[in-house]
Amino acid sequence: MRIRLFRAVLCVVAAVAGQAAPVLAAPQPDGVDPRIVKLLEQVSEPRMLQTLTALQAFVTRNTLSSTDQPTRGIGAARQWILDEMTKASPRLHVSFDAYQIPAQGRITREVDIRNVMAVLPGRTARRLYVSAHYDSLALPRRNEPTGAGTSGARGAAPPAQAPRPETPPAGAAGAPPANLDGPAPGVNDDGSGTAAVMELARIFAQSGIEFDATLVFIALAGEEQGLIGAKLHAQKAAAEKTRIDAVLNNDMIGNAAGGSGVVDGERVRVFSEGPEDSPSRQVARYVARVGPRYVPSQRIVLVARHDRFGRGGDHTAFNQNGFAGVRITEANEHYGRQHTTDDTLDGVSSAYLMKNTRMNAAVLASLALAPAAPTTVDDRGRSHAGARTLRLRCESAVGRLFRGGRLPGLLARGVDAGLAARRERRRRDAVRHAGRVD
Ligand SMILES: [Zn+2]
């Protein structure tokens with residue numbers, strides 16, 4: 001009976017497909033969407049170069065630099081980013097996402113942290129983010145006197161370590177280091193990501209395409225002091241139960257020539273948090289699948305880590321608040337330039353930056369045009385997303401309690417047993433629902 005019914009359904013499907021075939025447009029090779037191809041063509045290398053030049057011209061975009069000068073410091077820079085995105089299109093809702101925060105950690109005085117965000121409303125409220133940090137940092141070199149820079153007490157030399165949120169503040173509290181207004185060009189870190197975010201905001205808003213998802217183009221501040229702008233924004237989004245489906249965080253995507261002398265303008269890395277089946281890792285796989293479809297000369301290197309060893313980035317602040325997000329970074333870092341006054345325009349390849357921006361555009365547009373992911377539930381009717389958020393919160397709380405140390409033996413065994421039980425449950429579910437296990 002079932003087989004007969006199945007055959008009948010097949011016949012109907014075949015008949016409908018046969019009739020429909022002549023009116024369908026010719027299939028695109030490899031599922032390429034012509035609207036997205038056209039969108040990618042709008043990414044302008046000269047314009048991105050102009051953006052980088054302008055960002056460098058602010059001399060410093062240190063989060064603690066001046067905010068009262070018209071052409072120098074973070075105040076002038078954020079106003080310029082806001083004005084440029086506002087000018088790009090009336091479809092963009094551009095605003096400062098501002099927070100007044102007291103002295104803490106690397107923040108040596110009360111400061112006004114402002115992310116610059118441009119929202120392109122879609123048919124639905126679910127959001128997709130593309131982010132970068134526009135603040136910059138230059139540490140003193142090995143032989144320079146320490147104590148004068150933002151983090152001078154560390155006397156760090158290349159390869160410079162990214163600031164870690166748990167590191168104690170540099171210098172005496174209440175006595176800001178002297179050269180916060182000193183040069184910190186940050187053209188690659190992360191002027192490159194900022195230029196990409198601004199260019200993407202422009203081309204998506206001007207495309208005339210109506211996307212299913214709402215797109216958020218956000219330039220974050222306070223990254224170098226411990227992901228502060230991203231943390232505050234992600235916490236607020238979690239508290240307000242904003243649905244963020246994915247975050248593409250671009251941090252250093254313009255440097256093709258590494259410190260080793262190797263030039264690699266063909267590859268870009270995508271970092272994602274585990275476990276293997278986490279939504280963030282699925283986003284990373286999606287980037288690897290869709291990116292090269294539209295930018296064939298670019299190879300995506302998936303890295304099964306939340307970030308580089310000992311380093312951090314803004315996507316982690318989103319991950320810690322239960323949102324899927326990945327870090328996109330050049331294949332070949334130049335540690336000698338990072339966090340120094342040498343992070344200048346001549347260290348950036350605009351052609352490489354343009355390719356990475358196009359790759360972002362392809363992924364973002366594909367995700368934004370697609371319908372939302374279905375909400376799946378387990379055999380007890382619980383939403384996977386809900387269970388995952390709860391698990392992330394637990395892991396993050398446990399991580400905070402035991403930071404820097406190992407979990408006590410009993411707790412570690414408990415966590416392992418819990419994970420093994422979860423894996424077994426999933427395997428049984430897979431057998432039940434699909435009749436097989438891959
Ligand atoms: Zn950075």
# chains A, B, ... in the order shown; residues from 1 in each chain; ligands from 1
>>> residues_near_ligand(ligand="ligand 1", cutoff="12 Å", atoms="only C-alpha atoms and all ligand atoms", output="ChimeraX atom specification")
/A:62,131-138,160-163,186-194,219-227,249-254,307-308,311-315,327-330,333,335,337-339,343
>>> write_last_selection(atoms="C-alpha atoms", output="PDB file, in the first residue's frame")
ATOM      1  CA  ASN A  62      42.759  54.176  20.637  1.00  0.00           C
ATOM      2  CA  SER A 131      31.515  43.147  12.432  1.00  0.00           C
ATOM      3  CA  ALA A 132      35.011  44.571  12.882  1.00  0.00           C
ATOM      4  CA  HIS A 133      36.681  46.758  15.494  1.00  0.00           C
ATOM      5  CA  TYR A 134      37.622  50.281  14.555  1.00  0.00           C
ATOM      6  CA  ASP A 135      39.708  51.026  17.645  1.00  0.00           C
ATOM      7  CA  SER A 136      43.485  50.691  17.356  1.00  0.00           C
ATOM      8  CA  LEU A 137      46.471  50.100  19.622  1.00  0.00           C
ATOM      9  CA  ALA A 138      50.241  50.614  19.453  1.00  0.00           C
ATOM     10  CA  ALA A 160      52.764  41.330  20.532  1.00  0.00           C
ATOM     11  CA  GLN A 161      50.188  39.491  22.535  1.00  0.00           C
ATOM     12  CA  ALA A 162      46.632  40.686  22.210  1.00  0.00           C
ATOM     13  CA  PRO A 163      45.398  42.231  25.414  1.00  0.00           C
ATOM     14  CA  GLY A 186      45.812  50.193  13.004  1.00  0.00           C
ATOM     15  CA  VAL A 187      45.313  50.016   9.254  1.00  0.00           C
ATOM     16  CA  ASN A 188      45.214  46.242   9.123  1.00  0.00           C
ATOM     17  CA  ASP A 189      44.167  45.709  12.772  1.00  0.00           C
ATOM     18  CA  ASP A 190      41.415  46.414  12.276  1.00  0.00           C
ATOM     19  CA  GLY A 191      41.025  49.186   9.723  1.00  0.00           C
ATOM     20  CA  SER A 192      40.814  46.387   7.149  1.00  0.00           C
ATOM     21  CA  GLY A 193      37.768  44.820   8.812  1.00  0.00           C
ATOM     22  CA  THR A 194      36.217  48.253   9.371  1.00  0.00           C
ATOM     23  CA  ALA A 219      32.117  48.775  13.863  1.00  0.00           C
ATOM     24  CA  LEU A 220      33.007  47.939  17.459  1.00  0.00           C
ATOM     25  CA  ALA A 221      35.120  49.852  19.976  1.00  0.00           C
ATOM     26  CA  GLY A 222      37.153  48.782  22.994  1.00  0.00           C
ATOM     27  CA  GLU A 223      38.314  45.509  21.410  1.00  0.00           C
ATOM     28  CA  GLU A 224      41.921  46.114  22.351  1.00  0.00           C
ATOM     29  CA  GLN A 225      40.970  46.661  25.993  1.00  0.00           C
ATOM     30  CA  GLY A 226      39.155  43.320  26.272  1.00  0.00           C
ATOM     31  CA  LEU A 227      36.361  43.094  23.666  1.00  0.00           C
ATOM     32  CA  ASN A 249      33.686  39.024  12.609  1.00  0.00           C
ATOM     33  CA  ASN A 250      36.450  40.362  10.393  1.00  0.00           C
ATOM     34  CA  ASP A 251      39.639  41.140  12.262  1.00  0.00           C
ATOM     35  CA  MET A 252      42.777  41.622  10.139  1.00  0.00           C
ATOM     36  CA  ILE A 253      41.762  40.644   6.617  1.00  0.00           C
ATOM     37  CA  GLY A 254      44.066  42.844   4.537  1.00  0.00           C
ATOM     38  CA  ASP A 307      40.620  31.873  17.874  1.00  0.00           C
ATOM     39  CA  ARG A 308      44.401  31.839  17.470  1.00  0.00           C
ATOM     40  CA  ARG A 311      44.576  35.644  21.246  1.00  0.00           C
ATOM     41  CA  GLY A 312      41.029  36.894  21.221  1.00  0.00           C
ATOM     42  CA  GLY A 313      38.431  38.647  19.138  1.00  0.00           C
ATOM     43  CA  ASP A 314      34.972  40.167  19.288  1.00  0.00           C
ATOM     44  CA  HIS A 315      33.132  37.083  17.987  1.00  0.00           C
ATOM     45  CA  ARG A 327      36.379  35.050  13.151  1.00  0.00           C
ATOM     46  CA  ILE A 328      37.686  35.736   9.649  1.00  0.00           C
ATOM     47  CA  THR A 329      41.411  36.514   9.536  1.00  0.00           C
ATOM     48  CA  GLU A 330      44.189  36.599   6.948  1.00  0.00           C
ATOM     49  CA  GLU A 333      49.839  37.374   9.992  1.00  0.00           C
ATOM     50  CA  TYR A 335      53.293  39.954  14.009  1.00  0.00           C
ATOM     51  CA  ARG A 337      53.395  45.127  12.468  1.00  0.00           C
ATOM     52  CA  GLN A 338      50.517  44.246  14.784  1.00  0.00           C
ATOM     53  CA  HIS A 339      49.913  46.681  17.633  1.00  0.00           C
ATOM     54  CA  ASP A 343      50.540  48.879  11.045  1.00  0.00           C
TER      55      ASP A 343
END
>>> residues_around(residues="Phe271 (chain A)", least_positions_apart="2", cutoff="9 Å", atoms="only C-alpha atoms", output="MDAnalysis selection string")
chainID A and resid 269 273 280:281 284 301:308 326:329
>>> atom_distance(atom1="CA of Asp30 (chain A)", atom2="CA of Ser350 (chain A)")
28.0 Å
>>> closest_residue(among="A:Ala372, A:Val216, A:Ala365, A:Val116", to="Lys38 (chain A)", atoms="only C-alpha atoms")
A:Ala365
>>> closest_residue(among="A:Gln235, A:Thr316, A:Thr376, A:Gln100", to="Ile113 (chain A)", atoms="only C-alpha atoms")
A:Gln100
>>> residues_around(residues="Arg61 (chain A)", least_positions_apart="6", cutoff="9 Å", atoms="only C-alpha atoms", output="PyMOL selection string")
chain A and resi 55+72-78+134-137+181+183-186
>>> write_last_selection(atoms="C-alpha atoms", output="mmCIF file, in the first residue's frame")
data_model
loop_
_atom_site.group_PDB
_atom_site.id
_atom_site.type_symbol
_atom_site.label_atom_id
_atom_site.label_comp_id
_atom_site.auth_asym_id
_atom_site.auth_seq_id
_atom_site.Cartn_x
_atom_site.Cartn_y
_atom_site.Cartn_z
ATOM 1 C CA LEU A 55 41.166 55.729 8.980
ATOM 2 C CA ARG A 72 42.352 63.116 15.259
ATOM 3 C CA GLY A 73 41.510 60.423 17.802
ATOM 4 C CA ILE A 74 38.641 58.023 18.316
ATOM 5 C CA GLY A 75 35.999 60.738 18.645
ATOM 6 C CA ALA A 76 36.659 62.073 15.147
ATOM 7 C CA ALA A 77 37.001 58.549 13.731
ATOM 8 C CA ARG A 78 33.676 57.249 15.026
ATOM 9 C CA TYR A 134 37.622 50.281 14.555
ATOM 10 C CA ASP A 135 39.708 51.026 17.645
ATOM 11 C CA SER A 136 43.485 50.691 17.356
ATOM 12 C CA LEU A 137 46.471 50.100 19.622
ATOM 13 C CA ASP A 181 47.054 60.116 21.615
ATOM 14 C CA PRO A 183 50.240 57.214 16.661
ATOM 15 C CA ALA A 184 48.357 53.929 16.459
ATOM 16 C CA PRO A 185 47.441 53.642 12.757
ATOM 17 C CA GLY A 186 45.812 50.193 13.004
#
>>> closest_residue(among="A:Thr63, A:His93, A:Leu39, A:Tyr294", to="Glu110 (chain A)", atoms="only C-alpha atoms")
A:Thr63
>>> closest_residue(among="A:Gly310, A:Gly261, A:Gly322, A:Gly208", to="Ala234 (chain A)", atoms="only C-alpha atoms")
A:Gly322
>>> closest_residue(among="A:Val363, A:Arg47, A:Gly265, A:Thr53", to="Arg289 (chain A)", atoms="only C-alpha atoms")
A:Val363
>>> closest_residue(among="A:Arg109, A:Arg413, A:Arg358, A:Arg127", to="Ile203 (chain A)", atoms="only C-alpha atoms")
A:Arg358
